[in-house]
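Data first, discussion second: the structure below is written as structure tokens.
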Amino acid sequence: MKKMLILLSAFVLFACNGEDSKKEQGDQSLEKVKQAGEFVLGLDDSFPPMGFRSKDNQIVGFDIDLATEVAARLGVKLRAQPISWDAKEQELNTGKIDCIWNGLSVDSSRAKAMNLTGAYLNNRMIFTVKDASLSTLASLAGKKIAVQNGSTAQKILDASNVGKAAAKILPFDDNQTALLDLDKGGVDAVFLDEIVAKYWITSNSKSFKVLSEGLSDEVYAVAFRKKDQKLRDTVDSLLSAMKADGKFAEISTKWFGK
């Protein structure tokens with residue numbers, strides 16, 4: 001009996017140690033990135049100023065600069081991988097990318113489906129128009145409104161009184177295409193991120209107007225696979241460190257002037 005108890009105790013101890021070892025070895029997300037030597041960021045490469053193509057076709061932007069610095073502090077290189085925004089969660093879950101980092105707005109469904117960092121930037125969802133006679137949300141009734149397909153903006157617009165009163169809501173693959181259609185007169189308004197709208201209007205010297213009334217305030221976060229806790233926590237920690245040491249402010253000033 002005594003021998004059996006000793007053997008049973010040894011078995012229980014071994015099993016517990018084995019479970020602890022499995023837990024420690026289970027999340028290899030951070031190690032995989034370090035071993036690969038690269039941090040793969042998924043983005044819509046038509047989303048200025050967060051991530052977009054420069055005139056020489058390089059992927060640049062505020063998020064790209066933040067991620068480049070994070071990758072450097074991880075000791076790896078950043079690889080920006082363009083993806084279909086409408087299929088972003090599939091791209092993440094199939095392992096084609098390590099994260100989604102491209103002005104990703106936080107909502108309950110995304111928080112449930114993905115592992116999000118803390119918020120790193122504030123944003124407002126607004127309407128931009130070309131016709132100066134459109135100045136209020138009420139004036140958009142019976143108008144054609146463009147929005148990016150698969151975005152939180154699309155969900156917000158569809159559920160809003162403005163969306164329900166619109167003549168038509170037209171989904172576009174990206175905001176830049178929607179804004180170009182507004183310029184040509186194909187739509188009457190575009191519903192999108194204020195950060196994107198103001199940057200695009202200024203960069204392209206357009207006389208579009210941003211309506212003072214918006215529909216929602218949002219925040220941006222970086223998204224990881226649910227199981228990739230170590231990678232998520234490390235990136236979140238590095239962003240906090242960059243805010244503390246001034247690097248975040250330096251990048252913000254470069255892109256936003258403040």
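Every chain in the structure tokens takes a letter, A first, then B, and so on in the order presented; its residues are numbered from 1, and the ligands are numbered from 1 following the presented order.
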
Write out as a PDB file with all heavy atoms, in the first residue's frame which residues come within 8 Å of range 40-57 of chain A when counting only C-alpha atoms, dropping same-chain ones fewer than 4 positions away.
```pdb
ATOM      1  N   GLY A  61       3.196  54.955 -43.438  1.00  0.00           N
ATOM      2  CA  GLY A  61       2.079  55.424 -42.635  1.00  0.00           C
ATOM      3  C   GLY A  61       2.391  55.460 -41.150  1.00  0.00           C
ATOM      4  O   GLY A  61       3.441  54.990 -40.699  1.00  0.00           O
ATOM      5  N   PHE A  62       1.477  56.037 -40.398  1.00  0.00           N
ATOM      6  CA  PHE A  62       1.625  56.160 -38.946  1.00  0.00           C
ATOM      7  C   PHE A  62       1.740  54.785 -38.293  1.00  0.00           C
ATOM      8  O   PHE A  62       2.657  54.532 -37.504  1.00  0.00           O
ATOM      9  CB  PHE A  62       0.415  56.917 -38.388  1.00  0.00           C
ATOM     10  CG  PHE A  62       0.374  56.984 -36.888  1.00  0.00           C
ATOM     11  CD1 PHE A  62       1.241  57.808 -36.187  1.00  0.00           C
ATOM     12  CD2 PHE A  62      -0.548  56.227 -36.171  1.00  0.00           C
ATOM     13  CE1 PHE A  62       1.202  57.877 -34.797  1.00  0.00           C
ATOM     14  CE2 PHE A  62      -0.603  56.291 -34.786  1.00  0.00           C
ATOM     15  CZ  PHE A  62       0.279  57.113 -34.092  1.00  0.00           C
ATOM     16  N   ASP A  63       0.815  53.881 -38.624  1.00  0.00           N
ATOM     17  CA  ASP A  63       0.858  52.537 -38.044  1.00  0.00           C
ATOM     18  C   ASP A  63       2.110  51.785 -38.479  1.00  0.00           C
ATOM     19  O   ASP A  63       2.670  50.992 -37.707  1.00  0.00           O
ATOM     20  CB  ASP A  63      -0.387  51.739 -38.439  1.00  0.00           C
ATOM     21  CG  ASP A  63      -1.592  52.079 -37.569  1.00  0.00           C
ATOM     22  OD1 ASP A  63      -1.412  52.638 -36.478  1.00  0.00           O
ATOM     23  OD2 ASP A  63      -2.725  51.778 -37.993  1.00  0.00           O
ATOM     24  N   ILE A  64       2.537  52.016 -39.702  1.00  0.00           N
ATOM     25  CA  ILE A  64       3.743  51.340 -40.204  1.00  0.00           C
ATOM     26  C   ILE A  64       4.967  51.784 -39.419  1.00  0.00           C
ATOM     27  O   ILE A  64       5.825  50.962 -39.052  1.00  0.00           O
ATOM     28  CB  ILE A  64       3.937  51.615 -41.710  1.00  0.00           C
ATOM     29  CG1 ILE A  64       2.720  51.132 -42.508  1.00  0.00           C
ATOM     30  CG2 ILE A  64       5.209  50.946 -42.222  1.00  0.00           C
ATOM     31  CD1 ILE A  64       2.395  49.664 -42.331  1.00  0.00           C
ATOM     32  N   LEU A  78      10.043  44.195 -39.830  1.00  0.00           N
ATOM     33  CA  LEU A  78       8.611  44.283 -40.110  1.00  0.00           C
ATOM     34  C   LEU A  78       8.351  43.927 -41.569  1.00  0.00           C
ATOM     35  O   LEU A  78       9.073  44.359 -42.463  1.00  0.00           O
ATOM     36  CB  LEU A  78       8.090  45.705 -39.856  1.00  0.00           C
ATOM     37  CG  LEU A  78       6.609  45.909 -40.180  1.00  0.00           C
ATOM     38  CD1 LEU A  78       5.730  45.218 -39.149  1.00  0.00           C
ATOM     39  CD2 LEU A  78       6.266  47.392 -40.257  1.00  0.00           C
ATOM     40  N   ARG A  79       7.304  43.110 -41.798  1.00  0.00           N
ATOM     41  CA  ARG A  79       6.828  42.872 -43.173  1.00  0.00           C
ATOM     42  C   ARG A  79       5.364  43.258 -43.233  1.00  0.00           C
ATOM     43  O   ARG A  79       4.528  42.651 -42.567  1.00  0.00           O
ATOM     44  CB  ARG A  79       7.014  41.406 -43.597  1.00  0.00           C
ATOM     45  CG  ARG A  79       6.409  41.113 -44.984  1.00  0.00           C
ATOM     46  CD  ARG A  79       7.026  39.887 -45.615  1.00  0.00           C
ATOM     47  NE  ARG A  79       6.713  38.659 -44.924  1.00  0.00           N
ATOM     48  CZ  ARG A  79       5.636  37.898 -45.189  1.00  0.00           C
ATOM     49  NH1 ARG A  79       4.758  38.282 -46.123  1.00  0.00           N
ATOM     50  NH2 ARG A  79       5.443  36.770 -44.525  1.00  0.00           N
ATOM     51  N   ALA A  80       5.067  44.288 -44.021  1.00  0.00           N
ATOM     52  CA  ALA A  80       3.691  44.750 -44.186  1.00  0.00           C
ATOM     53  C   ALA A  80       3.043  43.952 -45.308  1.00  0.00           C
ATOM     54  O   ALA A  80       3.511  43.986 -46.453  1.00  0.00           O
ATOM     55  CB  ALA A  80       3.668  46.241 -44.502  1.00  0.00           C
ATOM     56  N   GLN A  81       1.978  43.221 -44.988  1.00  0.00           N
ATOM     57  CA  GLN A  81       1.312  42.330 -45.933  1.00  0.00           C
ATOM     58  C   GLN A  81      -0.093  42.848 -46.266  1.00  0.00           C
ATOM     59  O   GLN A  81      -0.994  42.780 -45.425  1.00  0.00           O
ATOM     60  CB  GLN A  81       1.218  40.919 -45.350  1.00  0.00           C
ATOM     61  CG  GLN A  81       0.490  39.918 -46.228  1.00  0.00           C
ATOM     62  CD  GLN A  81       1.202  39.693 -47.538  1.00  0.00           C
ATOM     63  OE1 GLN A  81       2.394  39.412 -47.570  1.00  0.00           O
ATOM     64  NE2 GLN A  81       0.482  39.838 -48.638  1.00  0.00           N
ATOM     65  N   PRO A  82      -0.316  43.363 -47.480  1.00  0.00           N
ATOM     66  CA  PRO A  82      -1.666  43.806 -47.863  1.00  0.00           C
ATOM     67  C   PRO A  82      -2.646  42.633 -47.858  1.00  0.00           C
ATOM     68  O   PRO A  82      -2.313  41.527 -48.298  1.00  0.00           O
ATOM     69  CB  PRO A  82      -1.473  44.355 -49.283  1.00  0.00           C
ATOM     70  CG  PRO A  82      -0.021  44.705 -49.354  1.00  0.00           C
ATOM     71  CD  PRO A  82       0.671  43.663 -48.528  1.00  0.00           C
ATOM     72  N   ILE A  83      -3.851  42.887 -47.331  1.00  0.00           N
ATOM     73  CA  ILE A  83      -4.894  41.866 -47.273  1.00  0.00           C
ATOM     74  C   ILE A  83      -6.226  42.485 -47.690  1.00  0.00           C
ATOM     75  O   ILE A  83      -6.357  43.709 -47.758  1.00  0.00           O
ATOM     76  CB  ILE A  83      -5.038  41.281 -45.845  1.00  0.00           C
ATOM     77  CG1 ILE A  83      -5.389  42.389 -44.840  1.00  0.00           C
ATOM     78  CG2 ILE A  83      -3.782  40.536 -45.425  1.00  0.00           C
ATOM     79  CD1 ILE A  83      -5.724  41.899 -43.445  1.00  0.00           C
ATOM     80  N   SER A  84      -7.197  41.631 -47.947  1.00  0.00           N
ATOM     81  CA  SER A  84      -8.563  42.098 -48.166  1.00  0.00           C
ATOM     82  C   SER A  84      -9.151  42.429 -46.805  1.00  0.00           C
ATOM     83  O   SER A  84      -9.208  41.569 -45.937  1.00  0.00           O
ATOM     84  CB  SER A  84      -9.395  41.015 -48.860  1.00  0.00           C
ATOM     85  OG  SER A  84     -10.771  41.343 -48.804  1.00  0.00           O
ATOM     86  N   TRP A  85      -9.581  43.674 -46.619  1.00  0.00           N
ATOM     87  CA  TRP A  85     -10.085  44.077 -45.301  1.00  0.00           C
ATOM     88  C   TRP A  85     -11.337  43.297 -44.915  1.00  0.00           C
ATOM     89  O   TRP A  85     -11.568  43.015 -43.746  1.00  0.00           O
ATOM     90  CB  TRP A  85     -10.362  45.576 -45.286  1.00  0.00           C
ATOM     91  CG  TRP A  85     -10.491  46.135 -43.903  1.00  0.00           C
ATOM     92  CD1 TRP A  85     -11.607  46.649 -43.313  1.00  0.00           C
ATOM     93  CD2 TRP A  85      -9.447  46.234 -42.919  1.00  0.00           C
ATOM     94  NE1 TRP A  85     -11.325  47.063 -42.026  1.00  0.00           N
ATOM     95  CE2 TRP A  85     -10.017  46.816 -41.755  1.00  0.00           C
ATOM     96  CE3 TRP A  85      -8.089  45.885 -42.910  1.00  0.00           C
ATOM     97  CZ2 TRP A  85      -9.271  47.054 -40.596  1.00  0.00           C
ATOM     98  CZ3 TRP A  85      -7.361  46.122 -41.755  1.00  0.00           C
ATOM     99  CH2 TRP A  85      -7.945  46.693 -40.627  1.00  0.00           C
ATOM    100  N   LYS A  88     -10.175  40.028 -43.240  1.00  0.00           N
ATOM    101  CA  LYS A  88      -9.042  40.201 -42.329  1.00  0.00           C
ATOM    102  C   LYS A  88      -8.946  39.144 -41.229  1.00  0.00           C
ATOM    103  O   LYS A  88      -7.855  38.664 -40.919  1.00  0.00           O
ATOM    104  CB  LYS A  88      -9.064  41.596 -41.714  1.00  0.00           C
ATOM    105  CG  LYS A  88     -10.352  41.961 -41.007  1.00  0.00           C
ATOM    106  CD  LYS A  88     -10.367  43.444 -40.646  1.00  0.00           C
ATOM    107  CE  LYS A  88     -11.739  43.865 -40.124  1.00  0.00           C
ATOM    108  NZ  LYS A  88     -12.791  43.749 -41.172  1.00  0.00           N
ATOM    109  N   GLU A  91      -7.613  35.926 -42.699  1.00  0.00           N
ATOM    110  CA  GLU A  91      -6.170  36.047 -42.952  1.00  0.00           C
ATOM    111  C   GLU A  91      -5.382  35.853 -41.660  1.00  0.00           C
ATOM    112  O   GLU A  91      -4.333  35.217 -41.641  1.00  0.00           O
ATOM    113  CB  GLU A  91      -5.865  37.430 -43.542  1.00  0.00           C
ATOM    114  CG  GLU A  91      -6.490  37.701 -44.894  1.00  0.00           C
ATOM    115  CD  GLU A  91      -5.681  37.123 -46.041  1.00  0.00           C
ATOM    116  OE1 GLU A  91      -4.577  36.597 -45.801  1.00  0.00           O
ATOM    117  OE2 GLU A  91      -6.149  37.212 -47.189  1.00  0.00           O
ATOM    118  N   LEU A  92      -5.916  36.385 -40.560  1.00  0.00           N
ATOM    119  CA  LEU A  92      -5.247  36.259 -39.272  1.00  0.00           C
ATOM    120  C   LEU A  92      -5.302  34.828 -38.756  1.00  0.00           C
ATOM    121  O   LEU A  92      -4.281  34.254 -38.357  1.00  0.00           O
ATOM    122  CB  LEU A  92      -5.906  37.212 -38.264  1.00  0.00           C
ATOM    123  CG  LEU A  92      -5.321  37.254 -36.853  1.00  0.00           C
ATOM    124  CD1 LEU A  92      -3.892  37.793 -36.883  1.00  0.00           C
ATOM    125  CD2 LEU A  92      -6.188  38.126 -35.948  1.00  0.00           C
ATOM    126  N   ILE A  97      -0.732  36.133 -41.422  1.00  0.00           N
ATOM    127  CA  ILE A  97      -0.200  37.346 -40.804  1.00  0.00           C
ATOM    128  C   ILE A  97      -0.133  37.143 -39.293  1.00  0.00           C
ATOM    129  O   ILE A  97      -0.798  36.268 -38.743  1.00  0.00           O
ATOM    130  CB  ILE A  97      -1.081  38.576 -41.131  1.00  0.00           C
ATOM    131  CG1 ILE A  97      -2.538  38.318 -40.730  1.00  0.00           C
ATOM    132  CG2 ILE A  97      -0.983  38.931 -42.613  1.00  0.00           C
ATOM    133  CD1 ILE A  97      -3.467  39.496 -40.948  1.00  0.00           C
ATOM    134  N   ASP A  98       0.692  37.956 -38.631  1.00  0.00           N
ATOM    135  CA  ASP A  98       0.817  37.859 -37.179  1.00  0.00           C
ATOM    136  C   ASP A  98      -0.171  38.773 -36.457  1.00  0.00           C
ATOM    137  O   ASP A  98      -0.513  38.529 -35.296  1.00  0.00           O
ATOM    138  CB  ASP A  98       2.244  38.228 -36.740  1.00  0.00           C
ATOM    139  CG  ASP A  98       3.274  37.241 -37.265  1.00  0.00           C
ATOM    140  OD1 ASP A  98       3.027  36.020 -37.163  1.00  0.00           O
ATOM    141  OD2 ASP A  98       4.319  37.686 -37.779  1.00  0.00           O
ATOM    142  N   CYS A  99      -0.589  39.832 -37.127  1.00  0.00           N
ATOM    143  CA  CYS A  99      -1.513  40.773 -36.510  1.00  0.00           C
ATOM    144  C   CYS A  99      -2.228  41.588 -37.577  1.00  0.00           C
ATOM    145  O   CYS A  99      -1.824  41.584 -38.745  1.00  0.00           O
ATOM    146  CB  CYS A  99      -0.768  41.723 -35.555  1.00  0.00           C
ATOM    147  SG  CYS A  99       0.271  42.933 -36.413  1.00  0.00           S
ATOM    148  N   ILE A 100      -3.284  42.273 -37.171  1.00  0.00           N
ATOM    149  CA  ILE A 100      -3.942  43.271 -38.010  1.00  0.00           C
ATOM    150  C   ILE A 100      -3.658  44.609 -37.351  1.00  0.00           C
ATOM    151  O   ILE A 100      -4.045  44.843 -36.206  1.00  0.00           O
ATOM    152  CB  ILE A 100      -5.466  43.039 -38.098  1.00  0.00           C
ATOM    153  CG1 ILE A 100      -5.763  41.642 -38.650  1.00  0.00           C
ATOM    154  CG2 ILE A 100      -6.126  44.102 -38.966  1.00  0.00           C
ATOM    155  CD1 ILE A 100      -7.218  41.225 -38.498  1.00  0.00           C
ATOM    156  N   TRP A 101      -2.958  45.469 -38.077  1.00  0.00           N
ATOM    157  CA  TRP A 101      -2.539  46.746 -37.493  1.00  0.00           C
ATOM    158  C   TRP A 101      -2.706  47.814 -38.558  1.00  0.00           C
ATOM    159  O   TRP A 101      -1.824  48.081 -39.340  1.00  0.00           O
ATOM    160  CB  TRP A 101      -1.084  46.645 -37.040  1.00  0.00           C
ATOM    161  CG  TRP A 101      -0.629  47.762 -36.151  1.00  0.00           C
ATOM    162  CD1 TRP A 101      -1.185  48.993 -36.010  1.00  0.00           C
ATOM    163  CD2 TRP A 101       0.510  47.729 -35.269  1.00  0.00           C
ATOM    164  NE1 TRP A 101      -0.494  49.737 -35.116  1.00  0.00           N
ATOM    165  CE2 TRP A 101       0.556  48.983 -34.631  1.00  0.00           C
ATOM    166  CE3 TRP A 101       1.477  46.775 -34.968  1.00  0.00           C
ATOM    167  CZ2 TRP A 101       1.554  49.306 -33.708  1.00  0.00           C
ATOM    168  CZ3 TRP A 101       2.456  47.097 -34.064  1.00  0.00           C
ATOM    169  CH2 TRP A 101       2.498  48.338 -33.428  1.00  0.00           C
ATOM    170  N   ASN A 102      -3.882  48.441 -38.572  1.00  0.00           N
ATOM    171  CA  ASN A 102      -4.169  49.366 -39.668  1.00  0.00           C
ATOM    172  C   ASN A 102      -5.419  50.188 -39.351  1.00  0.00           C
ATOM    173  O   ASN A 102      -6.412  50.106 -40.040  1.00  0.00           O
ATOM    174  CB  ASN A 102      -4.365  48.555 -40.959  1.00  0.00           C
ATOM    175  CG  ASN A 102      -4.513  49.397 -42.207  1.00  0.00           C
ATOM    176  OD1 ASN A 102      -5.288  49.053 -43.075  1.00  0.00           O
ATOM    177  ND2 ASN A 102      -3.781  50.475 -42.321  1.00  0.00           N
ATOM    178  N   GLY A 103      -5.331  50.975 -38.275  1.00  0.00           N
ATOM    179  CA  GLY A 103      -6.503  51.751 -37.886  1.00  0.00           C
ATOM    180  C   GLY A 103      -7.694  50.853 -37.615  1.00  0.00           C
ATOM    181  O   GLY A 103      -8.808  51.145 -38.042  1.00  0.00           O
ATOM    182  N   ASP A 174     -12.222  50.120 -50.485  1.00  0.00           N
ATOM    183  CA  ASP A 174     -11.384  50.964 -49.631  1.00  0.00           C
ATOM    184  C   ASP A 174     -11.890  52.399 -49.651  1.00  0.00           C
ATOM    185  O   ASP A 174     -12.657  52.799 -50.528  1.00  0.00           O
ATOM    186  CB  ASP A 174      -9.910  50.902 -50.057  1.00  0.00           C
ATOM    187  CG  ASP A 174      -9.697  51.347 -51.492  1.00  0.00           C
ATOM    188  OD1 ASP A 174      -9.699  52.566 -51.725  1.00  0.00           O
ATOM    189  OD2 ASP A 174      -9.536  50.482 -52.374  1.00  0.00           O
ATOM    190  N   ASN A 175     -11.460  53.177 -48.675  1.00  0.00           N
ATOM    191  CA  ASN A 175     -11.929  54.547 -48.529  1.00  0.00           C
ATOM    192  C   ASN A 175     -11.444  55.472 -49.636  1.00  0.00           C
ATOM    193  O   ASN A 175     -12.157  56.395 -50.035  1.00  0.00           O
ATOM    194  CB  ASN A 175     -11.482  55.108 -47.169  1.00  0.00           C
ATOM    195  CG  ASN A 175     -12.284  54.537 -46.020  1.00  0.00           C
ATOM    196  OD1 ASN A 175     -13.506  54.568 -46.033  1.00  0.00           O
ATOM    197  ND2 ASN A 175     -11.602  54.011 -45.024  1.00  0.00           N
ATOM    198  N   GLN A 176     -10.236  55.250 -50.119  1.00  0.00           N
ATOM    199  CA  GLN A 176      -9.709  56.122 -51.162  1.00  0.00           C
ATOM    200  C   GLN A 176     -10.559  56.042 -52.427  1.00  0.00           C
ATOM    201  O   GLN A 176     -10.840  57.062 -53.059  1.00  0.00           O
ATOM    202  CB  GLN A 176      -8.249  55.751 -51.487  1.00  0.00           C
ATOM    203  CG  GLN A 176      -7.283  56.113 -50.384  1.00  0.00           C
ATOM    204  CD  GLN A 176      -5.853  56.169 -50.864  1.00  0.00           C
ATOM    205  OE1 GLN A 176      -5.392  57.178 -51.380  1.00  0.00           O
ATOM    206  NE2 GLN A 176      -5.136  55.069 -50.697  1.00  0.00           N
ATOM    207  N   ILE A 195      -9.780  60.706 -39.068  1.00  0.00           N
ATOM    208  CA  ILE A 195      -8.334  60.772 -39.295  1.00  0.00           C
ATOM    209  C   ILE A 195      -8.011  60.566 -40.768  1.00  0.00           C
ATOM    210  O   ILE A 195      -7.214  61.291 -41.360  1.00  0.00           O
ATOM    211  CB  ILE A 195      -7.606  59.709 -38.440  1.00  0.00           C
ATOM    212  CG1 ILE A 195      -7.621  60.128 -36.967  1.00  0.00           C
ATOM    213  CG2 ILE A 195      -6.179  59.489 -38.907  1.00  0.00           C
ATOM    214  CD1 ILE A 195      -7.106  59.078 -36.012  1.00  0.00           C
ATOM    215  N   VAL A 196      -8.654  59.582 -41.371  1.00  0.00           N
ATOM    216  CA  VAL A 196      -8.417  59.271 -42.789  1.00  0.00           C
ATOM    217  C   VAL A 196      -8.952  60.386 -43.680  1.00  0.00           C
ATOM    218  O   VAL A 196      -8.278  60.838 -44.612  1.00  0.00           O
ATOM    219  CB  VAL A 196      -9.074  57.928 -43.163  1.00  0.00           C
ATOM    220  CG1 VAL A 196      -8.891  57.639 -44.645  1.00  0.00           C
ATOM    221  CG2 VAL A 196      -8.500  56.801 -42.328  1.00  0.00           C
ATOM    222  N   TYR A 199      -6.831  63.676 -43.492  1.00  0.00           N
ATOM    223  CA  TYR A 199      -5.510  63.497 -44.115  1.00  0.00           C
ATOM    224  C   TYR A 199      -5.645  63.455 -45.632  1.00  0.00           C
ATOM    225  O   TYR A 199      -4.893  64.110 -46.359  1.00  0.00           O
ATOM    226  CB  TYR A 199      -4.848  62.220 -43.600  1.00  0.00           C
ATOM    227  CG  TYR A 199      -3.445  62.022 -44.128  1.00  0.00           C
ATOM    228  CD1 TYR A 199      -2.360  62.583 -43.472  1.00  0.00           C
ATOM    229  CD2 TYR A 199      -3.205  61.302 -45.302  1.00  0.00           C
ATOM    230  CE1 TYR A 199      -1.072  62.430 -43.963  1.00  0.00           C
ATOM    231  CE2 TYR A 199      -1.922  61.136 -45.797  1.00  0.00           C
ATOM    232  CZ  TYR A 199      -0.856  61.706 -45.129  1.00  0.00           C
ATOM    233  OH  TYR A 199       0.412  61.556 -45.626  1.00  0.00           O
ATOM    234  N   TRP A 200      -6.628  62.705 -46.138  1.00  0.00           N
ATOM    235  CA  TRP A 200      -6.806  62.562 -47.593  1.00  0.00           C
ATOM    236  C   TRP A 200      -7.205  63.895 -48.221  1.00  0.00           C
ATOM    237  O   TRP A 200      -6.682  64.264 -49.277  1.00  0.00           O
ATOM    238  CB  TRP A 200      -7.865  61.502 -47.887  1.00  0.00           C
ATOM    239  CG  TRP A 200      -7.916  61.084 -49.324  1.00  0.00           C
ATOM    240  CD1 TRP A 200      -7.231  60.062 -49.924  1.00  0.00           C
ATOM    241  CD2 TRP A 200      -8.700  61.695 -50.365  1.00  0.00           C
ATOM    242  NE1 TRP A 200      -7.533  59.990 -51.259  1.00  0.00           N
ATOM    243  CE2 TRP A 200      -8.431  60.983 -51.565  1.00  0.00           C
ATOM    244  CE3 TRP A 200      -9.588  62.764 -50.406  1.00  0.00           C
ATOM    245  CZ2 TRP A 200      -9.020  61.312 -52.783  1.00  0.00           C
ATOM    246  CZ3 TRP A 200     -10.178  63.102 -51.629  1.00  0.00           C
ATOM    247  CH2 TRP A 200      -9.900  62.380 -52.796  1.00  0.00           C
ATOM    248  N   TRP A 255       3.254  62.537 -38.440  1.00  0.00           N
ATOM    249  CA  TRP A 255       2.076  62.289 -39.272  1.00  0.00           C
ATOM    250  C   TRP A 255       0.915  63.238 -39.017  1.00  0.00           C
ATOM    251  O   TRP A 255       0.144  63.544 -39.935  1.00  0.00           O
ATOM    252  CB  TRP A 255       1.611  60.836 -39.091  1.00  0.00           C
ATOM    253  CG  TRP A 255       2.552  59.877 -39.728  1.00  0.00           C
ATOM    254  CD1 TRP A 255       3.495  59.113 -39.116  1.00  0.00           C
ATOM    255  CD2 TRP A 255       2.669  59.622 -41.134  1.00  0.00           C
ATOM    256  NE1 TRP A 255       4.196  58.385 -40.049  1.00  0.00           N
ATOM    257  CE2 TRP A 255       3.703  58.667 -41.293  1.00  0.00           C
ATOM    258  CE3 TRP A 255       1.998  60.065 -42.258  1.00  0.00           C
ATOM    259  CZ2 TRP A 255       4.098  58.184 -42.533  1.00  0.00           C
ATOM    260  CZ3 TRP A 255       2.371  59.587 -43.501  1.00  0.00           C
ATOM    261  CH2 TRP A 255       3.418  58.656 -43.633  1.00  0.00           C
TER     262      TRP A 255
END
```

Restricting the calculation to only C-alpha atoms: of A:Met114, A:Gly214, A:Gly186, A:Ala119, which residue gets closest to Leu157 in chain A?
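The shortest atom-to-atom distance to Leu157 in chain A comes from A:Gly214.
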
Please list as a short mmCIF file (atom, residue, chain, number, x, y, z; two decimals) with all heavy atoms, in the first residue's frame every residue within 9 Å of Ile169 in chain A, counting only C-alpha atoms and excluding residues in the same chain fewer than 3 positions away.
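Generated file (around17.cif):
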```
data_model
loop_
_atom_site.label_atom_id
_atom_site.label_comp_id
_atom_site.auth_asym_id
_atom_site.auth_seq_id
_atom_site.Cartn_x
_atom_site.Cartn_y
_atom_site.Cartn_z
N LYS A 143 -29.89 60.65 -50.07
CA LYS A 143 -28.62 60.76 -50.78
C LYS A 143 -27.91 59.40 -50.84
O LYS A 143 -28.23 58.48 -50.09
CB LYS A 143 -27.70 61.77 -50.08
CG LYS A 143 -28.31 63.16 -49.94
CD LYS A 143 -28.63 63.78 -51.28
CE LYS A 143 -29.18 65.20 -51.10
NZ LYS A 143 -29.58 65.79 -52.40
N LYS A 144 -26.93 59.33 -51.73
CA LYS A 144 -26.11 58.11 -51.86
C LYS A 144 -24.87 58.27 -50.99
O LYS A 144 -24.11 59.23 -51.15
CB LYS A 144 -25.74 57.88 -53.33
CG LYS A 144 -26.92 57.51 -54.21
CD LYS A 144 -26.50 57.25 -55.65
CE LYS A 144 -26.11 58.52 -56.36
NZ LYS A 144 -25.82 58.30 -57.80
N ILE A 145 -24.67 57.29 -50.11
CA ILE A 145 -23.57 57.37 -49.16
C ILE A 145 -22.63 56.17 -49.35
O ILE A 145 -23.07 55.02 -49.38
CB ILE A 145 -24.08 57.40 -47.71
CG1 ILE A 145 -25.08 58.55 -47.52
CG2 ILE A 145 -22.91 57.53 -46.73
CD1 ILE A 145 -25.72 58.58 -46.14
N ALA A 146 -21.34 56.46 -49.47
CA ALA A 146 -20.33 55.41 -49.65
C ALA A 146 -19.71 55.05 -48.30
O ALA A 146 -19.59 55.90 -47.41
CB ALA A 146 -19.25 55.89 -50.61
N VAL A 147 -19.28 53.79 -48.18
CA VAL A 147 -18.64 53.33 -46.96
C VAL A 147 -17.76 52.12 -47.30
O VAL A 147 -18.02 51.42 -48.29
CB VAL A 147 -19.71 52.94 -45.90
CG1 VAL A 147 -20.49 51.70 -46.32
CG2 VAL A 147 -19.10 52.75 -44.52
N GLN A 154 -19.31 50.66 -41.72
CA GLN A 154 -20.45 50.06 -42.43
C GLN A 154 -21.52 49.60 -41.44
O GLN A 154 -22.72 49.84 -41.66
CB GLN A 154 -19.97 48.89 -43.28
CG GLN A 154 -21.04 48.28 -44.16
CD GLN A 154 -20.50 47.14 -45.02
OE1 GLN A 154 -19.66 46.35 -44.59
NE2 GLN A 154 -20.95 47.07 -46.25
N LEU A 157 -23.22 52.77 -39.92
CA LEU A 157 -24.07 53.45 -40.89
C LEU A 157 -25.35 52.65 -41.15
O LEU A 157 -26.44 53.22 -41.19
CB LEU A 157 -23.30 53.67 -42.20
CG LEU A 157 -24.06 54.41 -43.31
CD1 LEU A 157 -24.48 55.80 -42.85
CD2 LEU A 157 -23.20 54.50 -44.57
N ASP A 158 -25.21 51.35 -41.33
CA ASP A 158 -26.38 50.51 -41.60
C ASP A 158 -27.41 50.60 -40.49
O ASP A 158 -28.62 50.54 -40.74
CB ASP A 158 -25.95 49.05 -41.79
CG ASP A 158 -25.27 48.79 -43.13
OD1 ASP A 158 -25.40 49.64 -44.02
OD2 ASP A 158 -24.61 47.75 -43.27
N GLY A 163 -28.36 56.18 -42.23
CA GLY A 163 -28.28 55.09 -43.20
C GLY A 163 -29.64 54.64 -43.68
O GLY A 163 -29.84 54.37 -44.87
N LYS A 164 -30.59 54.58 -42.76
CA LYS A 164 -31.94 54.13 -43.12
C LYS A 164 -32.67 55.14 -44.00
O LYS A 164 -33.54 54.78 -44.79
CB LYS A 164 -32.74 53.86 -41.84
CG LYS A 164 -32.23 52.65 -41.07
CD LYS A 164 -32.88 52.53 -39.70
CE LYS A 164 -32.27 51.37 -38.92
NZ LYS A 164 -32.78 51.28 -37.53
N ALA A 166 -31.06 57.10 -46.18
CA ALA A 166 -30.29 57.31 -47.41
C ALA A 166 -30.99 56.66 -48.60
O ALA A 166 -31.71 55.66 -48.45
CB ALA A 166 -28.89 56.74 -47.26
#
```

Mind listing the strand (DSSP E or B) residues of range 33-68 of chain A, per DSSP on the backbone, as a PyMOL selection string?
chain A and resi 38-43+46-47+51-53+59-60

Looking only at the backbone, which of the residues in range 123-249 of chain A does DSSP tag as helix (DSSP H, G or I), as a PyMOL selection string?
chain A and resi 138-140+152-159+161-165+175-184+194-203+229-245+247-249

Considering only C-alpha atoms, state which residue in the set A:Met125, A:Val76, A:Leu134, A:Leu239 is at the smallest distance from Leu192 in chain A.
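The shortest atom-to-atom distance to Leu192 in chain A comes from A:Met125.
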
Kindly indicate which residue among A:Ile126, A:Leu137, A:Ile201, A:Thr234 lies nearest to Val33 in chain A, using only C-alpha atoms for the distances.
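For Val33 in chain A, the nearest of the candidates is A:Thr234.
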
Pairwise distance, CA of Lys77 in chain A with CA of Glu38 in chain A, equals 4.6 Å
